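For reference, entry.txt (compact mmCIF, C-alpha atoms):
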# COMPACT_ATOMS: atom_id res chain seq x y z
CA MET A 177 123.62 -42.05 -6.58
CA PRO A 178 127.36 -42.60 -6.74
CA LYS A 179 128.73 -40.54 -9.59
CA SER A 180 131.30 -41.57 -12.17
CA PRO A 181 134.66 -39.87 -11.84
CA LYS A 182 134.89 -36.73 -13.94
CA SER A 183 138.42 -37.21 -15.25
CA GLY A 184 141.00 -39.91 -16.00
CA THR A 185 141.62 -42.07 -19.02
CA ASP A 186 140.22 -45.23 -17.42
CA SER A 187 136.47 -45.34 -18.13
CA ARG A 188 135.77 -47.49 -15.07
CA PRO A 189 134.62 -45.74 -11.91
CA ASP A 190 137.28 -45.45 -9.22
CA PRO A 191 137.52 -48.19 -6.56
CA GLN A 192 135.54 -46.20 -3.98
CA GLN A 193 132.61 -45.81 -6.39
CA ARG A 194 132.84 -49.44 -7.50
CA ILE A 195 132.57 -50.53 -3.87
CA LEU A 196 129.46 -48.35 -3.35
CA GLN A 197 127.86 -49.63 -6.55
CA ALA A 198 128.51 -53.28 -5.69
CA ALA A 199 127.34 -52.77 -2.09
CA VAL A 200 124.08 -51.03 -2.96
CA ARG A 201 123.20 -53.83 -5.38
CA LEU A 202 124.07 -56.60 -2.89
CA PHE A 203 122.37 -54.89 0.08
CA ALA A 204 119.24 -54.34 -2.03
CA GLN A 205 119.16 -57.98 -3.12
CA LYS A 206 120.04 -59.72 0.13
CA GLY A 207 119.75 -57.18 2.93
CA PHE A 208 122.61 -55.51 4.79
CA ALA A 209 122.98 -58.26 7.40
CA ALA A 210 123.31 -61.05 4.81
CA VAL A 211 126.15 -59.49 2.81
CA GLY A 212 129.83 -59.88 3.72
CA VAL A 213 132.67 -57.48 2.90
CA ARG A 214 134.44 -60.21 0.94
CA GLU A 215 131.43 -60.51 -1.35
CA ILE A 216 131.35 -56.75 -1.88
CA ALA A 217 135.07 -56.69 -2.69
CA THR A 218 134.70 -59.53 -5.21
CA GLN A 219 131.75 -57.85 -6.95
CA ALA A 220 133.53 -54.50 -7.00
CA GLY A 221 136.71 -56.06 -8.34
CA VAL A 222 138.82 -54.58 -5.55
CA ASN A 223 141.05 -56.01 -2.85
CA ILE A 224 139.19 -56.47 0.43
CA SER A 225 141.62 -54.10 2.18
CA MET A 226 140.22 -51.27 0.04
CA ILE A 227 136.93 -51.51 1.95
CA SER A 228 138.72 -50.90 5.25
CA TYR A 229 140.79 -48.16 3.66
CA TYR A 230 137.88 -46.20 2.18
CA PHE A 231 134.98 -47.07 4.48
CA ASP A 232 136.34 -48.67 7.63
CA GLY A 233 134.10 -51.70 7.05
CA LYS A 234 130.57 -52.59 6.06
CA ALA A 235 128.82 -50.12 8.40
CA GLY A 236 130.93 -47.35 6.85
CA ILE A 237 129.61 -48.25 3.40
CA LEU A 238 126.04 -48.08 4.71
CA LYS A 239 126.76 -44.67 6.27
CA SER A 240 128.06 -43.41 2.96
CA LEU A 241 124.96 -44.72 1.14
CA ILE A 242 122.63 -43.09 3.69
CA GLN A 243 124.45 -39.77 3.18
CA ASP A 244 124.16 -40.11 -0.62
CA PHE A 245 120.47 -40.87 -0.31
CA PHE A 246 119.56 -37.95 1.94
CA ARG A 247 121.71 -35.48 -0.02
CA ASP A 248 119.66 -36.25 -3.13
CA TYR A 249 116.32 -36.81 -1.40
CA LEU A 250 116.43 -33.34 0.16
CA THR A 251 116.18 -31.83 -3.31
CA VAL A 252 112.61 -33.16 -3.73
CA PHE A 253 111.58 -30.08 -1.74
CA ASP A 254 113.25 -27.64 -4.15
CA ILE A 255 110.29 -26.34 -6.16
CA PRO A 256 110.86 -23.48 -8.60
CA ASP A 257 108.49 -20.48 -8.39
CA SER A 258 106.90 -21.98 -5.30
CA ALA A 259 105.38 -18.68 -4.17
CA SER A 260 103.05 -18.58 -7.17
CA LYS A 261 101.75 -22.15 -6.73
CA THR A 262 98.81 -23.51 -4.73
CA PRO A 263 99.40 -25.97 -1.87
CA ASP A 264 97.92 -28.74 -4.06
CA ALA A 265 100.23 -27.88 -6.95
CA LEU A 266 103.23 -27.82 -4.61
CA ALA A 267 102.28 -31.19 -3.12
CA ARG A 268 101.85 -32.59 -6.65
CA GLU A 269 105.40 -31.54 -7.54
CA VAL A 270 106.92 -32.90 -4.34
CA VAL A 271 105.13 -36.26 -4.77
CA GLY A 272 106.23 -36.33 -8.42
CA ASN A 273 109.82 -35.66 -7.35
CA VAL A 274 109.76 -38.45 -4.76
CA VAL A 275 108.23 -40.91 -7.23
CA GLY A 276 110.78 -39.94 -9.90
CA TYR A 277 113.67 -40.12 -7.47
CA ILE A 278 112.73 -43.58 -6.17
CA ARG A 279 112.07 -44.89 -9.70
CA ASN A 280 115.55 -43.78 -10.75
CA ASN A 281 117.34 -44.87 -7.58
CA LEU A 282 115.35 -47.87 -6.49
CA GLU A 283 118.23 -49.90 -5.08
CA LEU A 284 119.60 -47.04 -3.01
CA ALA A 285 116.14 -46.03 -1.75
CA SER A 286 115.34 -49.64 -0.85
CA VAL A 287 118.58 -50.13 1.04
CA VAL A 288 118.07 -46.96 3.08
CA TYR A 289 114.40 -47.77 3.68
CA ASN A 290 115.10 -51.37 4.67
CA GLU A 291 117.79 -50.32 7.13
CA LEU A 292 115.76 -47.52 8.78
CA PRO A 293 114.81 -49.74 11.74
CA LEU A 294 118.47 -50.71 12.28
CA ASP A 295 119.41 -49.23 15.63
CA MET A 296 123.22 -49.08 15.26
CA PRO A 297 124.53 -46.12 17.31
CA GLU A 298 126.84 -44.70 14.61
CA ILE A 299 124.05 -44.85 12.03
CA ALA A 300 121.27 -43.63 14.34
CA SER A 301 122.90 -40.22 14.77
CA LEU A 302 123.32 -39.93 11.00
CA LYS A 303 119.60 -40.57 10.47
CA THR A 304 118.63 -38.12 13.20
CA GLU A 305 120.80 -35.38 11.63
CA ASN A 306 119.34 -35.98 8.22
CA VAL A 307 115.75 -35.95 9.44
CA LEU A 308 116.41 -32.59 11.12
CA ARG A 309 117.98 -31.29 7.90
CA MET A 310 114.94 -32.44 5.95
CA ILE A 311 112.51 -30.61 8.27
CA GLU A 312 114.60 -27.48 7.84
CA ARG A 313 114.64 -27.84 4.06
CA ALA A 314 110.87 -28.50 3.94
CA GLY A 315 110.05 -25.75 6.46
CA TRP A 316 108.63 -23.40 3.80
CA LEU A 317 106.40 -26.19 2.45
CA ILE A 318 105.19 -27.13 5.94
CA GLN A 319 104.05 -23.51 6.37
CA ARG A 320 102.42 -23.37 2.95
CA LEU A 321 100.40 -26.46 3.90
CA GLY A 322 99.05 -24.56 6.90
CA LEU A 323 101.10 -26.41 9.52
CA ASP A 324 103.20 -24.90 12.28
CA PRO A 325 106.89 -25.90 11.78
CA GLU A 326 107.08 -26.29 15.57
CA ASP A 327 104.22 -28.83 15.55
CA ARG A 328 106.60 -31.76 15.87
CA PHE A 329 103.85 -34.27 16.54
CA ARG A 330 102.02 -33.72 13.25
CA ILE A 331 105.17 -33.12 11.19
CA GLY A 332 106.68 -36.26 12.69
CA ILE A 333 103.72 -38.23 11.35
CA ILE A 334 103.24 -36.51 7.98
CA GLY A 335 106.90 -36.44 6.86
CA PRO A 336 107.53 -40.20 7.10
CA SER A 337 104.05 -40.87 5.64
CA LEU A 338 104.99 -39.09 2.40
CA PHE A 339 107.95 -41.39 1.92
CA SER A 340 106.31 -44.59 3.19
CA VAL A 341 103.14 -44.37 1.07
CA ILE A 342 105.23 -44.01 -2.09
CA MET A 343 107.89 -46.50 -1.05
CA MET A 344 105.22 -49.08 -0.17
CA HIS A 345 104.16 -49.09 -3.81
CA PHE A 346 107.69 -49.85 -4.97
CA ARG A 347 108.04 -52.61 -2.38
CA ILE A 348 104.86 -54.42 -3.42
CA ARG A 349 104.61 -53.41 -7.09
CA HIS A 350 104.87 -57.05 -8.20
CA ILE A 351 101.80 -57.82 -6.06
CA GLN A 352 99.98 -54.67 -7.24
CA ARG A 353 100.69 -55.55 -10.87
CA GLU A 354 99.13 -58.95 -10.38
CA VAL A 355 96.21 -58.09 -8.09
CA PHE A 356 95.31 -54.57 -9.24
CA GLY A 357 96.61 -54.60 -12.82
CA PHE A 358 99.07 -51.74 -12.26
CA SER A 359 101.03 -51.31 -15.50
CA LEU A 360 104.10 -49.60 -14.01
CA ASP A 361 104.79 -47.50 -17.12
CA ASP A 362 105.12 -43.72 -17.42
CA ALA A 363 101.35 -43.25 -17.86
CA PHE A 364 100.72 -45.27 -14.70
CA TYR A 365 103.20 -43.20 -12.70
CA GLU A 366 101.45 -39.99 -13.81
CA LYS A 367 98.13 -41.32 -12.50
CA PHE A 368 99.82 -42.72 -9.41
CA THR A 369 101.38 -39.34 -8.62
CA GLU A 370 97.98 -37.62 -8.95
CA ALA A 371 96.23 -40.16 -6.74
CA VAL A 372 98.90 -40.17 -4.03
CA THR A 373 98.86 -36.36 -4.00
CA THR A 374 95.09 -36.38 -3.47
CA LEU A 375 95.36 -39.09 -0.80
CA LEU A 376 98.07 -37.20 1.10
CA MET A 377 96.43 -33.77 0.77
CA HIS A 378 92.70 -34.66 1.03
CA GLY A 379 92.66 -38.21 2.36
CA VAL A 380 90.58 -41.22 1.37
CA LEU A 381 87.46 -39.04 1.28
CA GLY A 382 89.14 -36.70 -1.20
CA LEU A 383 90.16 -39.62 -3.37
CA ALA A 384 86.64 -41.09 -3.21
CA ALA A 385 85.11 -37.73 -4.17
CA GLU A 386 87.47 -37.42 -7.13
CA ALA A 387 86.35 -40.82 -8.38
CA LYS A 388 82.78 -39.67 -8.96
CA PRO A 389 82.76 -36.06 -10.15
CA ARG A 390 79.57 -36.72 -12.16
CA LYS A 391 77.55 -37.11 -9.00
CA GLY A 392 78.28 -33.56 -7.93
CA ASN A 393 80.93 -34.56 -5.37
CA ALA A 394 83.78 -33.01 -7.34
CA HIS A 395 86.73 -32.27 -5.13
CA VAL A 396 88.62 -28.97 -5.08
CA MET B 20 100.93 -64.94 16.69
CA PRO B 21 101.70 -68.59 17.17
CA LYS B 22 99.54 -69.89 19.97
CA SER B 23 100.56 -72.12 22.83
CA PRO B 24 99.16 -75.63 22.70
CA LYS B 25 95.91 -75.95 24.58
CA SER B 26 96.56 -79.26 26.30
CA GLY B 27 99.37 -81.50 27.53
CA THR B 28 101.24 -81.71 30.80
CA ASP B 29 104.44 -80.17 29.39
CA SER B 30 104.13 -76.38 29.72
CA ARG B 31 106.54 -75.71 26.85
CA PRO B 32 105.00 -75.07 23.43
CA ASP B 33 105.25 -77.98 21.01
CA PRO B 34 108.24 -78.15 18.64
CA GLN B 35 106.31 -76.65 15.73
CA GLN B 36 105.41 -73.58 17.79
CA ARG B 37 108.92 -73.31 19.22
CA ILE B 38 110.32 -73.26 15.69
CA LEU B 39 107.91 -70.46 14.68
CA GLN B 40 108.69 -68.44 17.80
CA ALA B 41 112.46 -68.76 17.33
CA ALA B 42 112.20 -67.99 13.61
CA VAL B 43 110.06 -64.87 14.00
CA ARG B 44 112.52 -63.48 16.55
CA LEU B 45 115.58 -64.27 14.43
CA PHE B 46 114.01 -63.05 11.15
CA ALA B 47 112.95 -59.82 12.88
CA GLN B 48 116.44 -59.23 14.27
CA LYS B 49 118.56 -60.22 11.29
CA GLY B 50 116.31 -60.46 8.25
CA PHE B 51 115.12 -63.64 6.56
CA ALA B 52 118.15 -63.95 4.26
CA ALA B 53 120.68 -63.75 7.09
CA VAL B 54 119.22 -66.54 9.22
CA GLY B 55 120.06 -70.23 8.75
CA VAL B 56 117.89 -73.21 9.61
CA ARG B 57 120.58 -74.49 11.98
CA GLU B 58 120.34 -71.26 13.98
CA ILE B 59 116.56 -71.55 14.16
CA ALA B 60 116.80 -75.17 15.32
CA THR B 61 119.31 -74.27 18.03
CA GLN B 62 117.21 -71.37 19.32
CA ALA B 63 114.06 -73.48 19.24
CA GLY B 64 115.79 -76.35 21.03
CA VAL B 65 114.79 -78.85 18.35
CA ASN B 66 116.68 -81.14 16.03
CA ILE B 67 117.27 -79.54 12.63
CA SER B 68 115.34 -82.35 10.93
CA MET B 69 112.18 -81.10 12.66
CA ILE B 70 112.28 -77.99 10.46
CA SER B 71 112.19 -80.11 7.31
CA TYR B 72 109.52 -82.31 8.85
CA TYR B 73 107.14 -79.51 9.85
CA PHE B 74 107.95 -76.76 7.36
CA ASP B 75 109.97 -78.21 4.50
CA GLY B 76 112.71 -75.64 5.16
CA LYS B 77 113.13 -71.95 5.86
CA ALA B 78 110.75 -70.70 3.14
CA GLY B 79 108.06 -72.94 4.63
CA ILE B 80 108.47 -71.23 7.99
CA LEU B 81 108.08 -67.83 6.32
CA LYS B 82 104.95 -69.06 4.55
CA SER B 83 103.50 -70.18 7.85
CA LEU B 84 104.31 -66.80 9.46
CA ILE B 85 102.71 -64.91 6.55
CA GLN B 86 99.56 -67.01 6.94
CA ASP B 87 99.49 -66.35 10.70
CA PHE B 88 99.91 -62.63 10.10
CA PHE B 89 97.14 -62.26 7.53
CA ARG B 90 94.72 -64.47 9.46
CA ASP B 91 94.96 -62.08 12.41
CA TYR B 92 95.37 -58.88 10.40
CA LEU B 93 92.09 -59.50 8.56
CA THR B 94 90.23 -59.11 11.84
CA VAL B 95 91.13 -55.39 12.02
CA PHE B 96 88.18 -54.88 9.66
CA ASP B 97 85.70 -56.58 11.99
CA ILE B 98 83.92 -53.62 13.58
CA PRO B 99 80.89 -54.27 15.80
CA ASP B 100 77.72 -52.24 15.08
CA SER B 101 79.35 -50.80 11.99
CA ALA B 102 76.05 -49.75 10.42
CA SER B 103 75.42 -47.18 13.16
CA LYS B 104 78.86 -45.56 12.90
CA THR B 105 80.11 -42.68 10.74
CA PRO B 106 82.90 -43.25 8.19
CA ASP B 107 85.29 -41.30 10.46
CA ALA B 108 84.36 -43.41 13.48
CA LEU B 109 84.83 -46.60 11.45
CA ALA B 110 88.23 -45.45 10.19
CA ARG B 111 89.22 -44.56 13.76
CA GLU B 112 88.44 -48.08 14.91
CA VAL B 113 90.26 -49.74 12.02
CA VAL B 114 93.36 -47.58 12.57
CA GLY B 115 93.18 -48.32 16.30
CA ASN B 116 92.97 -52.03 15.54
CA VAL B 117 95.99 -51.92 13.22
CA VAL B 118 98.03 -49.91 15.74
CA GLY B 119 97.06 -52.29 18.53
CA TYR B 120 97.77 -55.37 16.45
CA ILE B 121 101.23 -54.17 15.38
CA ARG B 122 102.11 -53.06 18.92
CA ASN B 123 101.26 -56.52 20.22
CA ASN B 124 102.82 -58.46 17.35
CA LEU B 125 105.71 -56.27 16.33
CA GLU B 126 108.14 -59.02 15.40
CA LEU B 127 105.65 -60.87 13.24
CA ALA B 128 104.43 -57.68 11.54
CA SER B 129 108.02 -56.57 10.90
CA VAL B 130 109.01 -59.90 9.39
CA VAL B 131 106.03 -59.92 7.02
CA TYR B 132 106.51 -56.25 6.14
CA ASN B 133 110.25 -56.66 5.55
CA GLU B 134 109.73 -59.65 3.30
CA LEU B 135 106.92 -58.09 1.21
CA PRO B 136 109.33 -57.17 -1.63
CA LEU B 137 110.70 -60.73 -1.69
CA ASP B 138 109.65 -62.13 -5.04
CA MET B 139 109.85 -65.87 -4.33
CA PRO B 140 107.26 -67.69 -6.48
CA GLU B 141 105.82 -69.87 -3.70
CA ILE B 142 105.43 -66.86 -1.41
CA ALA B 143 104.17 -64.46 -4.09
CA SER B 144 100.99 -66.47 -4.65
CA LEU B 145 100.37 -66.58 -0.91
CA LYS B 146 100.60 -62.78 -0.70
CA THR B 147 98.33 -62.34 -3.72
CA GLU B 148 95.69 -64.64 -2.20
CA ASN B 149 95.79 -62.81 1.10
CA VAL B 150 95.53 -59.37 -0.49
CA LEU B 151 92.43 -60.54 -2.37
CA ARG B 152 90.98 -61.96 0.84
CA MET B 153 91.62 -58.64 2.57
CA ILE B 154 89.80 -56.66 -0.12
CA GLU B 155 86.86 -59.03 0.24
CA ARG B 156 86.84 -58.67 4.02
CA ALA B 157 87.12 -54.86 3.81
CA GLY B 158 84.55 -54.57 1.01
CA TRP B 159 81.83 -53.18 3.28
CA LEU B 160 84.24 -50.54 4.64
CA ILE B 161 85.39 -49.56 1.14
CA GLN B 162 81.75 -48.86 0.29
CA ARG B 163 81.09 -46.95 3.49
CA LEU B 164 84.05 -44.70 2.62
CA GLY B 165 82.37 -43.86 -0.67
CA LEU B 166 84.65 -45.93 -2.87
CA ASP B 167 83.64 -48.40 -5.54
CA PRO B 168 84.93 -51.90 -4.58
CA GLU B 169 85.69 -52.38 -8.29
CA ASP B 170 87.94 -49.30 -8.33
CA ARG B 171 91.11 -51.35 -8.14
CA PHE B 172 93.38 -48.42 -8.86
CA ARG B 173 92.35 -46.38 -5.83
CA ILE B 174 91.85 -49.37 -3.53
CA GLY B 175 95.26 -50.67 -4.58
CA ILE B 176 96.78 -47.40 -3.38
CA ILE B 177 94.69 -46.81 -0.23
CA GLY B 178 94.88 -50.33 1.22
CA PRO B 179 98.68 -50.58 1.40
CA SER B 180 98.87 -46.94 2.56
CA LEU B 181 96.88 -47.75 5.70
CA PHE B 182 99.40 -50.40 6.68
CA SER B 183 102.54 -48.55 5.55
CA VAL B 184 101.79 -45.25 7.32
CA ILE B 185 101.31 -47.07 10.62
CA MET B 186 104.15 -49.53 10.08
CA MET B 187 106.53 -46.68 9.18
CA HIS B 188 106.08 -45.31 12.67
CA PHE B 189 107.05 -48.61 14.25
CA ARG B 190 110.08 -48.89 11.96
CA ILE B 191 111.47 -45.47 12.85
CA ARG B 192 110.08 -44.98 16.35
CA HIS B 193 113.60 -44.76 17.82
CA ILE B 194 114.27 -41.82 15.45
CA GLN B 195 110.86 -40.27 16.16
CA ARG B 196 111.43 -40.54 19.90
CA GLU B 197 114.69 -38.66 19.58
CA VAL B 198 113.78 -36.08 16.93
CA PHE B 199 110.09 -35.45 17.68
CA GLY B 200 109.90 -36.43 21.34
CA PHE B 201 107.37 -39.22 20.78
CA SER B 202 106.81 -40.91 24.14
CA LEU B 203 105.56 -44.28 22.82
CA ASP B 204 103.24 -44.91 25.79
CA ASP B 205 99.50 -45.61 25.78
CA ALA B 206 98.62 -41.89 25.79
CA PHE B 207 100.88 -41.33 22.78
CA TYR B 208 99.25 -44.19 20.86
CA GLU B 209 95.79 -42.70 21.49
CA LYS B 210 96.92 -39.38 19.99
CA PHE B 211 98.78 -41.19 17.22
CA THR B 212 95.65 -43.17 16.29
CA GLU B 213 93.58 -39.96 16.12
CA ALA B 214 96.15 -38.16 13.99
CA VAL B 215 96.70 -41.05 11.58
CA THR B 216 92.93 -41.41 11.17
CA THR B 217 92.62 -37.72 10.28
CA LEU B 218 95.60 -37.95 7.91
CA LEU B 219 94.18 -41.00 6.13
CA MET B 220 90.60 -39.71 5.97
CA HIS B 221 91.15 -35.96 5.41
CA GLY B 222 94.79 -35.64 4.43
CA VAL B 223 97.45 -33.18 5.46
CA LEU B 224 94.98 -30.31 5.06
CA GLY B 225 92.57 -32.01 7.47
CA LEU B 226 95.36 -32.50 9.99
CA ALA B 227 96.48 -28.87 9.59
CA ALA B 228 92.91 -27.63 10.09
CA GLU B 229 92.53 -29.73 13.24
CA ALA B 230 95.68 -28.14 14.66
CA LYS B 231 94.13 -24.67 14.76
CA PRO B 232 90.41 -24.96 15.57
CA ARG B 233 90.50 -21.55 17.27
CA LYS B 234 90.99 -19.80 13.95
CA GLY B 235 87.69 -21.08 12.66
CA ASN B 236 89.25 -23.78 10.48
CA ALA B 237 87.83 -26.61 12.54
CA HIS B 238 87.61 -29.79 10.53
CA VAL B 239 84.58 -32.04 10.41
What would the structure in this file look like if it were written as structure tokens?
Amino acid sequence: MPKSPKSGTDSRPDPQQRILQAAVRLFAQKGFAAVGVREIATQAGVNISMISYYFDGKAGILKSLIQDFFRDYLTVFDIPDSASKTPDALAREVVGNVVGYIRNNLELASVVYNELPLDMPEIASLKTENVLRMIERAGWLIQRLGLDPEDRFRIGIIGPSLFSVIMMHFRIRHIQREVFGFSLDDAFYEKFTEAVTTLLMHGVLGLAAEAKPRKGNAHV
Amino acid sequence: MPKSPKSGTDSRPDPQQRILQAAVRLFAQKGFAAVGVREIATQAGVNISMISYYFDGKAGILKSLIQDFFRDYLTVFDIPDSASKTPDALAREVVGNVVGYIRNNLELASVVYNELPLDMPEIASLKTENVLRMIERAGWLIQRLGLDPEDRFRIGIIGPSLFSVIMMHFRIRHIQREVFGFSLDDAFYEKFTEAVTTLLMHGVLGLAAEAKPRKGNAHV
């Protein structure tokens, strides 16, 4: 997330940060295509020329937000003492990190997720770079899960699945609250993290087995 | 998808269908919020008053598209001779149906998926109804997978995961083609269906085991 400036007597963030904060809120509410630079400038309390100056337009703001997102998202793979942990424990921590990160940065995560299909040339290369960086950062985990880091087919399916399964919950949580009674509090997110970890590591059959340990189907 | 009218000497679809076809294309390209009714009317070649007449405005068009989507999507759970098939074979067919449906109806699926987070009251109830209908329709499959149809917590996580894992591919396929070399032809979608089925049924560990059958880790 955009950070507040570290010095200065004015407690307001600097104009560049105010633009990012206004843009992420507006893009999250209305979608990138529906927001104009004038609207962002008004919300940020800056002159519209500042947007050209700092970001070279609306696409430049989106690029900056995508960079912010990936810089922080990459850290979900930083697990302390990883060598001493089981693959399931590692997966549990990574899923917990992703859930925590999205919970705390929902607008930014939504904007980046919503704009993933956007095939703008200047943004496409940014996404490609960041996906490659993520594979590199998660390389140790990929190996610990028993996968070959060169197995691009399987990694190319698993990586996005981690993010999409968790993100899907945040996109439809209002429906899940109503239909499934999801409470969306800390206790729920603990249970959710456990269940998503089992689903991703052991699949539907693993989750089904976990649901009935009494019948002797207890999962590992 | 909207169907062409079944009779009449004019080969063009009727105005109602033309409105839906223009809207699904525009919503898919620009997002619901960024499209105006005037633009839809122009693209559909109808007078703007027709949109009020048939759909009571833009939200009414979206409602109609959501209904179309769910009506067709529900059929992915209709598997012939299901009683004689294994859970893995059933899952393989359902995943294949979802992949096939999205491939053939990408604009409609994208519009509905993109607008899932939209919390408009009149549309929320429509989504809730359709999710309940889907659980009912998939009840037999839920049982065959060893889950309790009353286990709303797990079903509420698994159901959306099926759709989101597959949809994620279609959202980022331009990135996957570049980074992972995905070819996006029929042969690719066969392999993709197999891999997604394994991931959903047996998790990452199942997919990893399948990748190295020679080492004696062959998965069921």
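What separates atom CA of Pro293 of chain A from atom CA of Ala235 of chain A is a distance of 14.4 Å.
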- Here atom CA of Gly178 of chain B and atom CA of Asn123 of chain B stand apart by 21.0 Å
What's the 12 Å shell around Ala265 of chain A, counting only C-alpha atoms, without same-chain residues fewer than 2 positions away, as a PDB file with C-alpha atoms, keeping the file's coordinate frame?
ATOM      1  CA  ILE A 255     110.290 -26.340  -6.160  1.00  0.00           C
ATOM      2  CA  PRO A 256     110.860 -23.480  -8.600  1.00  0.00           C
ATOM      3  CA  ASP A 257     108.490 -20.480  -8.390  1.00  0.00           C
ATOM      4  CA  SER A 258     106.900 -21.980  -5.300  1.00  0.00           C
ATOM      5  CA  ALA A 259     105.380 -18.680  -4.170  1.00  0.00           C
ATOM      6  CA  SER A 260     103.050 -18.580  -7.170  1.00  0.00           C
ATOM      7  CA  LYS A 261     101.750 -22.150  -6.730  1.00  0.00           C
ATOM      8  CA  THR A 262      98.810 -23.510  -4.730  1.00  0.00           C
ATOM      9  CA  PRO A 263      99.400 -25.970  -1.870  1.00  0.00           C
ATOM     10  CA  ALA A 267     102.280 -31.190  -3.120  1.00  0.00           C
ATOM     11  CA  ARG A 268     101.850 -32.590  -6.650  1.00  0.00           C
ATOM     12  CA  GLU A 269     105.400 -31.540  -7.540  1.00  0.00           C
ATOM     13  CA  VAL A 270     106.920 -32.900  -4.340  1.00  0.00           C
ATOM     14  CA  VAL A 271     105.130 -36.260  -4.770  1.00  0.00           C
ATOM     15  CA  GLY A 272     106.230 -36.330  -8.420  1.00  0.00           C
ATOM     16  CA  LEU A 317     106.400 -26.190   2.450  1.00  0.00           C
ATOM     17  CA  ARG A 320     102.420 -23.370   2.950  1.00  0.00           C
ATOM     18  CA  LEU A 321     100.400 -26.460   3.900  1.00  0.00           C
ATOM     19  CA  THR A 369     101.380 -39.340  -8.620  1.00  0.00           C
ATOM     20  CA  GLU A 370      97.980 -37.620  -8.950  1.00  0.00           C
ATOM     21  CA  THR A 373      98.860 -36.360  -4.000  1.00  0.00           C
ATOM     22  CA  THR A 374      95.090 -36.380  -3.470  1.00  0.00           C
ATOM     23  CA  MET A 377      96.430 -33.770   0.770  1.00  0.00           C
ATOM     24  CA  VAL A 396      88.620 -28.970  -5.080  1.00  0.00           C
TER      25      VAL A 396
END
Counting all atoms listed in the file, what are the residues of segment 56-142 of chain B within 7 Å of segment 41-50 of chain B, and for each of them which pair of atoms is the nearest and at what distance in Å, to one decimal? Sort the table by chain and rising number, as CSV.
residue,atom,partner,partner_atom,distance
B:Ile59,CA,B:Ala42,CA,5.7
B:Gln62,CA,B:Ala41,CA,5.8
B:Ala63,CA,B:Ala41,CA,5.3
B:Glu126,CA,B:Ala47,CA,5.5
B:Leu127,CA,B:Val43,CA,6.0
B:Ser129,CA,B:Ala47,CA,6.2
B:Val130,CA,B:Ala47,CA,5.3
Write a file of the selected residues as a JSON list (two decimals), in the frame of the given file, keeping C-alpha atoms.
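Below you can see result06.json, which holds the result:
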[["chain", "number", "residue", "atom", "x", "y", "z"],
["B", 59, "ILE", "CA", 116.56, -71.55, 14.16],
["B", 62, "GLN", "CA", 117.21, -71.37, 19.32],
["B", 63, "ALA", "CA", 114.06, -73.48, 19.24],
["B", 126, "GLU", "CA", 108.14, -59.02, 15.40],
["B", 127, "LEU", "CA", 105.65, -60.87, 13.24],
["B", 129, "SER", "CA", 108.02, -56.57, 10.90],
["B", 130, "VAL", "CA", 109.01, -59.90, 9.39]]
- Note on the structure: chain B proximity check over A:Arg279, A:Ala210, A:Thr218, A:Pro325, using only C-alpha atoms: winner is A:Ala210
- Item | Check: which chain B residues lie within 7 Å of chain A using all atoms listed in the file, as an NGL selection string | :B and (49 or 52-53 or 135-136 or 147 or 164-166 or 171-172 or 175 or 179-180 or 183-184 or 187 or 190-191 or 194-195 or 198-199 or 218-225 or 227)
- Message: Given only C-alpha atoms as the basis, pick out the residue of A:Pro297, A:Gly233, A:Gly221, A:Gly315 nearest to Phe253 of chain A.
- Response: A:Gly315
- Could you tell me how far atom CA of Ile38 of chain B lies from atom CA of Asn124 of chain B, in Å and to one decimal?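 Between atom CA of Ile38 of chain B and atom CA of Asn124 of chain B the gap works out to 16.7 Å.
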- Task: Tell me which of B:Ser71, B:Asn66, B:Asn149, B:Gln40 sits closest to Arg90 of chain B, counting all atoms listed in the file.
- Result: B:Asn149
Segment 271-290 of chain A: axis-aligned bounding box, 6 Å on each side, centre and edge lengths in Å, one decimal, as AutoDock Vina command-line options:
--center_x 112.4 --center_y -43.5 --center_z -3.0 --size_x 26.5 --size_y 27.7 --size_z 27.4
- Message: Taking all atoms listed in the file into account, name the residue in A:Gly236, A:Ser359, A:Tyr365, A:Ile227 that is nearest to Ile299 of chain A.
- Response: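 Of the candidates, the smallest distance to Ile299 of chain A is held by A:Gly236.
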